[in-house]
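Text of target.tsv, listed as TSV, C-alpha atoms:
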chain	number	residue	atom	x	y	z
A	1114	MET	CA	105.68	119.88	114.41
A	1115	LYS	CA	106.33	116.15	114.65
A	1116	ARG	CA	107.26	115.01	111.16
A	1117	VAL	CA	107.82	115.85	107.48
A	1118	ILE	CA	105.95	113.83	104.85
A	1119	ALA	CA	107.28	113.87	101.28
A	1120	HIS	CA	104.97	113.66	98.27
A	1121	TRP	CA	104.81	114.27	94.57
A	1122	THR	CA	101.87	116.26	93.20
A	1123	ALA	CA	100.94	113.88	90.34
A	1124	GLY	CA	100.63	117.01	88.22
A	1125	ALA	CA	102.82	119.09	85.95
A	1126	GLY	CA	106.27	120.50	86.72
A	1127	ARG	CA	104.88	123.79	88.04
A	1128	ALA	CA	102.79	124.23	91.18
A	1129	SER	CA	99.08	124.75	90.54
A	1130	ALA	CA	96.61	126.51	92.84
A	1131	GLU	CA	95.32	123.10	93.96
A	1132	ASP	CA	98.88	121.97	94.73
A	1133	LYS	CA	99.44	125.04	96.88
A	1134	ALA	CA	96.23	124.34	98.80
A	1135	HIS	CA	97.43	120.87	99.84
A	1136	TYR	CA	101.15	121.34	100.62
A	1137	HIS	CA	103.14	123.74	102.78
A	1138	ARG	CA	106.11	123.84	100.38
A	1139	LEU	CA	106.59	122.67	96.80
A	1140	VAL	CA	109.66	122.23	94.60
A	1141	GLU	CA	109.10	122.76	90.87
A	1142	TYR	CA	110.92	120.92	88.10
A	1143	ASP	CA	113.73	123.52	87.93
A	1144	GLY	CA	114.34	123.52	91.70
A	1145	THR	CA	112.25	126.59	92.48
A	1146	VAL	CA	110.73	126.43	95.98
A	1147	VAL	CA	107.13	127.65	96.18
A	1148	ALA	CA	105.17	128.34	99.38
A	1149	GLY	CA	101.77	126.76	99.81
A	1150	ALA	CA	98.57	128.57	100.75
A	1151	GLU	CA	98.67	127.32	104.36
A	1152	ALA	CA	101.36	128.06	106.93
A	1153	VAL	CA	103.17	125.14	108.51
A	1154	GLU	CA	101.77	126.20	111.88
A	1155	ASP	CA	98.21	125.72	110.57
A	1156	ASN	CA	98.76	121.96	110.90
A	1157	ILE	CA	99.57	122.08	114.61
A	1158	VAL	CA	95.80	121.94	115.19
A	1159	THR	CA	93.51	120.77	112.37
A	1160	SER	CA	90.13	120.67	114.14
A	1161	ASP	CA	89.35	124.17	112.85
A	1162	GLY	CA	89.45	122.97	109.22
A	1163	ASP	CA	92.11	125.54	108.30
A	1164	TYR	CA	95.14	123.45	107.36
A	1165	ALA	CA	96.98	121.80	104.47
A	1166	ALA	CA	95.31	118.41	103.84
A	1167	HIS	CA	98.13	116.32	102.38
A	1168	THR	CA	98.02	112.92	104.15
A	1169	LEU	CA	94.89	110.98	105.12
A	1170	GLN	CA	94.37	110.91	108.92
A	1171	LEU	CA	97.89	112.28	109.55
A	1172	ASN	CA	97.73	116.00	108.89
A	1173	THR	CA	97.97	117.07	112.54
A	1174	GLY	CA	101.59	117.81	113.39
A	1175	SER	CA	102.79	116.94	109.86
A	1176	ILE	CA	104.56	119.24	107.40
A	1177	GLY	CA	103.51	118.38	103.86
A	1178	VAL	CA	106.11	118.97	101.14
A	1179	ALA	CA	105.91	117.90	97.51
A	1180	MET	CA	107.87	117.73	94.28
A	1181	CYS	CA	105.86	118.97	91.30
A	1182	GLY	CA	105.47	116.30	88.64
A	1183	MET	CA	104.67	112.66	87.85
A	1184	ARG	CA	101.48	113.51	85.97
A	1185	GLY	CA	100.09	110.31	84.44
A	1186	ALA	CA	102.74	108.12	86.10
A	1187	VAL	CA	102.12	104.35	86.25
A	1188	GLU	CA	103.51	102.14	89.03
A	1189	HIS	CA	103.54	98.74	87.26
A	1190	PRO	CA	105.20	98.59	84.81
A	1191	PHE	CA	106.86	101.81	85.88
A	1192	ASP	CA	106.30	104.82	83.64
A	1193	ALA	CA	107.16	108.29	84.97
A	1194	GLY	CA	104.77	109.99	82.53
A	1195	PRO	CA	105.30	113.28	80.67
A	1196	SER	CA	106.32	115.26	83.79
A	1197	PRO	CA	108.95	113.12	85.55
A	1198	LEU	CA	110.87	114.19	88.61
A	1199	ASN	CA	114.55	114.95	88.02
A	1200	GLU	CA	117.71	114.75	90.10
A	1201	ALA	CA	118.26	118.51	90.45
A	1202	GLN	CA	114.69	118.90	91.65
A	1203	PHE	CA	115.18	116.05	94.14
A	1204	ASN	CA	118.37	117.62	95.52
A	1205	ALA	CA	116.59	120.95	95.99
A	1206	PHE	CA	113.75	119.07	97.68
A	1207	CYS	CA	116.13	117.35	100.12
A	1208	LYS	CA	117.73	120.72	100.92
A	1209	LEU	CA	114.25	122.11	101.64
A	1210	VAL	CA	113.44	119.22	103.98
A	1211	ALA	CA	116.81	119.59	105.73
A	1212	ASP	CA	116.08	123.28	106.36
A	1213	LEU	CA	112.61	122.45	107.72
A	1214	CYS	CA	114.10	119.83	110.05
A	1215	VAL	CA	116.48	122.43	111.46
A	1216	GLU	CA	113.77	125.10	111.75
A	1217	TYR	CA	111.26	122.86	113.52
A	1218	GLY	CA	113.66	120.58	115.41
A	1219	ILE	CA	112.65	117.39	113.61
A	1220	PRO	CA	115.18	114.51	113.70
A	1221	VAL	CA	115.87	112.58	110.51
A	1222	THR	CA	114.46	109.11	111.21
A	1223	PRO	CA	112.14	106.79	109.27
A	1224	GLN	CA	109.32	107.77	111.64
A	1225	THR	CA	109.80	111.53	111.40
A	1226	VAL	CA	111.00	112.12	107.82
A	1227	LEU	CA	109.26	109.77	105.41
A	1228	THR	CA	107.53	109.53	102.07
A	1229	HIS	CA	103.77	109.26	101.67
A	1230	ALA	CA	104.23	105.68	100.48
A	1231	GLU	CA	105.92	104.77	103.79
A	1232	VAL	CA	103.18	106.11	106.05
A	1233	GLN	CA	101.03	103.00	106.21
A	1234	THR	CA	103.83	100.49	106.84
A	1235	THR	CA	105.91	102.71	109.13
A	1236	LEU	CA	103.28	104.53	111.17
A	1237	GLY	CA	100.33	102.16	110.77
A	1238	VAL	CA	98.01	104.85	109.37
A	1239	GLN	CA	96.11	103.41	106.41
A	1240	GLN	CA	96.35	105.22	103.08
A	1241	ARG	CA	94.63	104.60	99.75
A	1242	GLY	CA	97.23	102.87	97.64
A	1243	LYS	CA	99.60	105.85	97.61
A	1244	TRP	CA	103.01	105.19	96.04
A	1245	ASP	CA	104.65	108.61	96.21
A	1246	VAL	CA	107.59	108.50	96.47
A	1247	ALA	CA	108.39	104.84	95.68
A	1248	ARG	CA	110.38	105.40	92.46
A	1249	LEU	CA	112.88	107.95	91.17
A	1250	PRO	CA	112.99	108.10	87.33
A	1251	TRP	CA	116.79	108.48	87.12
A	1252	ARG	CA	117.55	105.74	89.68
A	1253	ASP	CA	116.14	102.47	88.37
A	1254	ASP	CA	118.10	100.58	91.02
A	1255	LEU	CA	115.98	102.10	93.79
A	1256	ARG	CA	112.62	100.34	93.95
A	1257	GLY	CA	110.08	100.47	96.71
A	1258	ALA	CA	109.03	103.07	99.23
A	1259	ARG	CA	111.57	102.20	101.91
A	1260	SER	CA	114.53	102.14	99.52
A	1261	VAL	CA	113.67	105.56	98.13
A	1262	GLY	CA	112.87	106.84	101.63
A	1263	ASP	CA	116.25	105.70	102.94
A	1264	PHE	CA	118.00	107.30	99.98
A	1265	MET	CA	116.16	110.56	100.66
A	1266	ARG	CA	117.02	110.45	104.37
A	1267	GLN	CA	120.68	109.73	103.58
A	1268	ARG	CA	120.80	112.77	101.32
A	1269	ILE	CA	119.13	114.95	103.96
A	1270	ALA	CA	121.42	113.61	106.71
A	1271	LEU	CA	124.49	114.41	104.60
A	1272	MET	CA	123.23	117.95	104.10
A	1273	LEU	CA	122.93	118.18	107.88
A	1274	GLY	CA	126.35	116.60	108.45
A	1275	GLY	CA	124.89	113.16	109.25
A	1276	VAL	CA	126.20	109.67	108.47
A	1277	GLU	CA	126.08	108.04	105.06
A	1278	VAL	CA	124.48	104.70	105.92
A	1279	LEU	CA	121.23	104.51	107.87
A	1280	GLN	CA	120.28	100.91	107.03
A	1281	SER	CA	122.93	99.52	109.40
A	1282	ASN	CA	120.82	100.81	112.30
A	1283	ARG	CA	117.85	98.63	111.32
A	1284	PRO	CA	116.72	95.97	113.81
A	1285	ILE	CA	117.48	92.26	113.42
A	1286	LEU	CA	114.33	90.36	112.42
A	1287	ARG	CA	113.65	86.64	112.77
A	1288	PHE	CA	110.84	84.08	112.68
A	1289	GLY	CA	108.09	84.90	115.18
A	1290	ASP	CA	108.74	88.67	115.34
A	1291	ARG	CA	105.79	91.07	115.03
A	1292	SER	CA	106.55	94.75	114.42
A	1293	VAL	CA	106.32	97.66	112.01
A	1294	ASP	CA	109.83	96.82	110.79
A	1295	VAL	CA	108.64	93.32	109.83
A	1296	GLY	CA	105.90	94.96	107.75
A	1297	VAL	CA	108.51	97.15	106.05
A	1298	TRP	CA	110.64	94.08	105.26
A	1299	GLN	CA	107.58	92.29	103.85
A	1300	VAL	CA	106.77	95.22	101.55
A	1301	GLU	CA	110.39	95.37	100.35
A	1302	LEU	CA	110.32	91.64	99.56
A	1303	SER	CA	107.01	91.95	97.68
A	1304	ASP	CA	108.25	94.97	95.70
A	1305	ARG	CA	111.12	92.83	94.39
A	1306	GLY	CA	109.02	89.81	93.43
A	1307	TYR	CA	109.33	87.69	96.58
A	1308	HIS	CA	105.68	86.93	97.14
A	1309	LEU	CA	104.50	86.24	100.66
A	1310	GLY	CA	100.85	87.26	100.71
A	1311	ARG	CA	99.62	90.22	102.73
A	1312	ALA	CA	102.10	92.42	104.60
A	1313	ASP	CA	100.72	91.76	108.09
A	1314	LYS	CA	103.83	92.67	110.19
A	1315	ASP	CA	104.08	89.02	111.32
A	1316	PHE	CA	107.35	87.21	110.52
A	1317	GLY	CA	105.70	83.87	109.81
A	1318	ARG	CA	106.35	80.86	107.58
A	1319	LEU	CA	105.76	82.64	104.25
A	1320	THR	CA	107.93	85.62	105.22
A	1321	ARG	CA	110.73	83.29	106.28
A	1322	ALA	CA	110.51	81.38	102.98
A	1323	ALA	CA	110.64	84.63	101.00
A	1324	THR	CA	113.59	85.83	103.12
A	1325	LEU	CA	115.50	82.60	102.48
A	1326	ALA	CA	114.88	82.96	98.74
A	1327	PHE	CA	116.11	86.57	98.81
A	1328	GLN	CA	119.23	85.59	100.73
A	1329	ALA	CA	119.99	82.73	98.32
A	1330	ASP	CA	119.54	84.97	95.26
A	1331	ASN	CA	121.87	87.62	96.71
A	1332	ASP	CA	124.68	85.39	98.05
A	1333	LEU	CA	123.82	86.12	101.69
A	1334	PRO	CA	123.91	83.56	104.52
A	1335	SER	CA	120.67	81.58	104.16
A	1336	ASP	CA	119.58	81.54	107.79
A	1337	GLY	CA	116.23	83.32	107.51
A	1338	VAL	CA	117.43	86.04	109.92
A	1339	VAL	CA	117.38	89.65	108.65
A	1340	ASN	CA	120.43	91.62	109.79
A	1341	ALA	CA	122.28	94.76	108.66
A	1342	ASP	CA	123.76	93.04	105.57
A	1343	ASP	CA	120.29	91.98	104.43
A	1344	TRP	CA	118.91	95.50	104.82
A	1345	LEU	CA	121.83	96.96	102.90
A	1346	GLN	CA	121.48	94.44	100.08
A	1347	MET	CA	117.72	95.02	99.91
A	1348	ALA	CA	118.34	98.71	99.21
A	1349	LYS	CA	120.40	97.75	96.14
A	1350	ALA	CA	118.44	94.70	94.96
A	1351	THR	CA	116.46	94.70	91.72
A	1352	SER	CA	113.29	92.80	90.89
A	1353	ARG	CA	113.57	89.02	90.86
A	1354	PRO	CA	113.48	87.67	87.26
A	1355	GLU	CA	110.61	85.45	86.18
A	1356	ARG	CA	111.20	81.72	85.80
A	1357	PHE	CA	110.63	80.01	82.46
A	1358	VAL	CA	107.81	77.55	83.13
A	1359	THR	CA	105.49	75.95	80.57
A	1360	GLN	CA	101.84	75.06	80.99
A	1361	GLU	CA	102.75	71.38	80.57
A	1362	GLU	CA	105.10	71.55	83.59
A	1363	ILE	CA	102.41	73.19	85.68
A	1364	ASP	CA	99.80	70.62	84.67
A	1365	ARG	CA	102.22	67.84	85.59
A	1366	GLU	CA	103.55	69.19	88.91
A	1367	SER	CA	100.92	71.50	90.38
A	1368	GLY	CA	98.15	70.06	92.55
A	1369	THR	CA	96.01	73.13	91.87
A	1370	ALA	CA	96.34	72.69	88.10
A	1371	GLN	CA	95.48	69.00	88.38
A	1372	ASP	CA	92.37	69.88	90.38
A	1373	ALA	CA	91.45	72.38	87.65
A	1374	GLN	CA	91.81	69.66	85.00
A	1375	MET	CA	89.54	67.40	87.02
A	1376	THR	CA	87.00	70.23	87.27
A	1377	ALA	CA	87.07	70.55	83.48
A	1378	ARG	CA	86.53	66.79	83.07
A	1379	VAL	CA	83.54	66.88	85.40
A	1380	GLY	CA	82.23	69.75	83.31
A	1381	ASP	CA	82.65	67.60	80.20
A	1382	LEU	CA	80.58	64.79	81.72
A	1383	VAL	CA	77.87	67.18	82.89
A	1384	GLY	CA	77.79	68.89	79.51
A	1385	LEU	CA	77.63	65.63	77.55
A	1386	GLY	CA	74.77	64.50	79.77
A	1387	GLY	CA	72.99	67.75	79.09
A	1388	VAL	CA	73.44	67.45	75.33
A	1389	ALA	CA	72.21	63.86	75.37
A	1390	GLY	CA	69.20	64.88	77.47
A	1391	ILE	CA	68.35	67.71	75.07
A	1392	ALA	CA	68.51	65.30	72.13
A	1393	THR	CA	66.21	62.80	73.88
A	1394	GLN	CA	63.74	65.45	74.95
A	1395	ALA	CA	63.75	66.97	71.49
A	1396	LYS	CA	62.82	63.58	69.99
A	1397	GLN	CA	60.00	63.06	72.48
A	1398	ALA	CA	58.82	66.63	72.07
A	1399	GLY	CA	58.74	66.16	68.30
A	1400	GLU	CA	56.52	63.11	68.62
A	1401	ALA	CA	54.16	64.98	70.91
A	1402	ALA	CA	54.12	67.99	68.64
A	1403	GLN	CA	52.95	65.92	65.67
A	1404	ALA	CA	49.58	65.50	67.41
A	1405	ALA	CA	49.18	69.27	67.75
A	1406	SER	CA	47.88	71.46	64.93
A	1407	GLY	CA	49.83	74.42	63.55
A	1408	VAL	CA	53.28	75.78	64.35
A	1409	MET	CA	52.22	77.53	67.56
A	1410	GLY	CA	50.40	74.50	68.72
A	1411	GLN	CA	53.47	72.33	68.14
A	1412	LEU	CA	55.69	74.76	70.00
A	1413	SER	CA	53.26	75.09	72.89
A	1414	ALA	CA	52.91	71.34	73.20
A	1415	MET	CA	56.69	70.88	73.17
A	1416	ILE	CA	57.33	73.46	75.91
A	1417	SER	CA	54.39	72.60	78.17
A	1418	GLU	CA	55.12	68.88	78.09
A	1419	HIS	CA	58.90	68.93	78.50
A	1420	TRP	CA	59.92	72.30	79.99
A	1421	PRO	CA	61.40	70.89	83.25
A	1422	ALA	CA	63.66	68.47	81.44
A	1423	LEU	CA	64.64	71.06	78.82
A	1424	LEU	CA	65.51	73.53	81.60
A	1425	LEU	CA	67.64	70.96	83.41
A	1426	CYS	CA	69.48	70.06	80.21
A	1427	GLY	CA	70.09	73.73	79.48
A	1428	LEU	CA	71.55	74.21	82.95
A	1429	CYS	CA	73.83	71.21	82.39
A	1430	VAL	CA	75.21	72.73	79.19
A	1431	THR	CA	75.69	76.09	80.99
A	1432	ALA	CA	77.55	74.32	83.80
A	1433	TRP	CA	79.72	72.59	81.19
A	1434	PHE	CA	80.94	75.90	79.77
A	1435	ALA	CA	81.37	77.44	83.25
A	1436	LEU	CA	83.43	74.53	84.63
A	1437	ARG	CA	85.68	74.41	81.58
A	1438	ALA	CA	86.26	78.17	81.81
A	1439	LEU	CA	87.04	77.87	85.53
A	1440	GLY	CA	89.51	75.07	84.92
A	1441	TYR	CA	91.29	77.01	82.18
A	1442	SER	CA	91.53	80.26	84.18
A	1443	THR	CA	92.83	78.41	87.26
A	1444	ARG	CA	95.59	76.74	85.25
A	1445	ARG	CA	96.58	80.08	83.69
A	1446	ARG	CA	96.74	81.80	87.08
A	1447	ARG	CA	98.87	78.97	88.42
A	1448	LEU	CA	101.26	79.35	85.46
A	1449	LEU	CA	101.65	83.08	86.19
A	1450	ASP	CA	102.26	82.29	89.87
A	1451	ALA	CA	105.07	79.90	88.98
A	1452	ARG	CA	106.69	82.36	86.56
A	1453	GLU	CA	106.69	84.94	89.36
A	1454	ASN	CA	108.62	82.51	91.57
A	1455	ARG	CA	105.74	81.38	93.72
A	1456	SER	CA	105.42	77.71	94.74
A	1457	LEU	CA	105.52	75.46	91.68
A	1458	ALA	CA	103.93	72.46	93.38
A	1459	ARG	CA	101.05	74.35	95.01
Take the structure in the file and write it out as structure tokens.
Amino acid sequence: MKRVIAHWTAGAGRASAEDKAHYHRLVEYDGTVVAGAEAVEDNIVTSDGDYAAHTLQLNTGSIGVAMCGMRGAVEHPFDAGPSPLNEAQFNAFCKLVADLCVEYGIPVTPQTVLTHAEVQTTLGVQQRGKWDVARLPWRDDLRGARSVGDFMRQRIALMLGGVEVLQSNRPILRFGDRSVDVGVWQVELSDRGYHLGRADKDFGRLTRAATLAFQADNDLPSDGVVNADDWLQMAKATSRPERFVTQEEIDRESGTAQDAQMTARVGDLVGLGGVAGIATQAKQAGEAAQAASGVMGQLSAMISEHWPALLLCGLCVTAWFALRALGYSTRRRRLLDARENRSLAR
């Protein structure tokens, strides 16, 4: 076996039949270890269809272990739900993983012992928005998949007689680097409110700006280079607080908000033109309708004579409402961006 992948079941505190079908070992809320329906060796080869399917496109050579719980959990804002994981359960889980590492000769590294939430960024195998295990209910200071993963590996390493700190072995990252570790750093920054767009494993301009902001907020040397001290601080860092910014400040300083205001003004002009056109056409249609007999005749004469102009005016009024709505929503999104510490002048 090549690796151990840690999960939670997203169910109750006891292992269900479905849980046992997907994982090789499970740890219930009271620390009880339960064997799954499939043997670990069934995942050496998965082409026969007889294996524990726990991780998308990464079941071959992977031991799947899970903590029972986190039913109904919500990632943002974090809510552990009615069946949260607990510390005693986590300790029993780490002991289980340590024993499996010894039994199958698996070293404790970020590539070989990792959480489900780390798979995509660490191994490059795409998952479907999985976030187990990116939070521990009793440790609010640990946020993000890599922070929790490091904490888990530290605990396992200690049980095996390993060293306390693993983050000091992380690589130094700087502008221009492209690697899996850059992607991990980008995810850690995003998890703490340092927005840099998509985590593309490329240490570019936005990643450098977010790194500088993180370093400034945490009293680290602001050089844009990620070293051991930055990794260690990231493991302890909490989410960046929102800035207090008003809509008036955004309208005054943001180019995007000013463009949105201009869009709304154009909408006003288009809408006023449409209203004026409808009024003119209604007057002309009324004069034409007077020559027709009966209500239906008046209506038919009005529509047949002036339908193109009435349609155009109606479209103008529709565009009016659409442009004003677009301008308002753009300004509101820009305000939220600024409060989340994104560029105020953008």
Requested in this report: Within 10 Å of A:Arg1252, counting only C-alpha atoms, which residues show up once you throw out same-chain ones fewer than 4 positions away? Write them as a ChimeraX atom specification, please.
Outcome: /A:1199-1200,1248,1256,1261
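Of the listed residues A:Thr1431, A:Thr1228, A:Asn1204, A:Asn1331, the one whose atoms come nearest to A:Ile1176 is A:Thr1228, with distances taken using all atoms listed in the file.
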Query - Exercise: A:Tyr1142 partners within 9 Å, all atoms listed in the file, chain neighbours under 5 positions left out, as an NGL selection string - result: :A and (1125-1127 or 1180-1182 or 1196-1199 or 1201-1203)
Report task. Report the distance between atom CA of A:Arg1311 and atom CA of A:Gly1257 in Å, rounded to one decimal place. Result ->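 These atoms are spaced 15.8 Å apart.
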Query - Distance query stretch 1335-1345 of chain A at most 10 Å, all atoms listed in the file, self and fewer than 2 positions along chain excluded, as a PyMOL selection string - result: chain A and resi 1260+1278-1288+1295+1298+1301+1320-1333+1347-1350
Report summary line: One decimal place gives the atom CA of A:Ala1230-atom CA of A:Gly1274 separation as 25.9 Å
Mind checking which residues fall within 6 Å of A:Ile1118, counting all atoms listed in the file, ignoring those fewer than 5 positions away in the same chain, and posting them as a short mmCIF file (atom, residue, chain, number, x, y, z; two decimals) with C-alpha atoms, keeping the file's coordinate frame?
data_model
loop_
_atom_site.label_atom_id
_atom_site.label_comp_id
_atom_site.auth_asym_id
_atom_site.auth_seq_id
_atom_site.Cartn_x
_atom_site.Cartn_y
_atom_site.Cartn_z
CA GLY A 1177 103.51 118.38 103.86
CA LEU A 1227 109.26 109.77 105.41
CA THR A 1228 107.53 109.53 102.07
CA HIS A 1229 103.77 109.26 101.67
#
Report task. May I have the residues within 8 Å of A:Val1210 as a count of residues only, using only C-alpha atoms and disregarding those fewer than 5 positions away in the same chain? Result -> 3
Query raised in the report: With all atoms listed in the file as the atoms that count, which of A:Ala1130, A:Leu1425, A:Ala1270, A:Leu1169 lies nearest to A:Glu1151?
Result: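 Among the listed residues, the smallest separation from A:Glu1151 belongs to A:Ala1130.
The coordinates place atom CA of A:Gln1239 at 8.1 Å from atom CA of A:Gln1170.
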Query - Among listed residues A:Arg1138, A:Ala1186, A:His1167, A:Ile1157, nearest A:Gly1124 (using only C-alpha atoms) - result: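 Ranking A:Arg1138, A:Ala1186, A:His1167, A:Ile1157 by distance to A:Gly1124, first place goes to A:Ala1186.
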Listed atoms of stretch 1295-1305 of chain A boxed along x, y and z, 5 Å each side, centre and edge lengths in Å, one decimal, as AutoDock Vina command-line options:
--center_x 108.5 --center_y 94.4 --center_z 102.1 --size_x 15.2 --size_y 15.5 --size_z 25.4
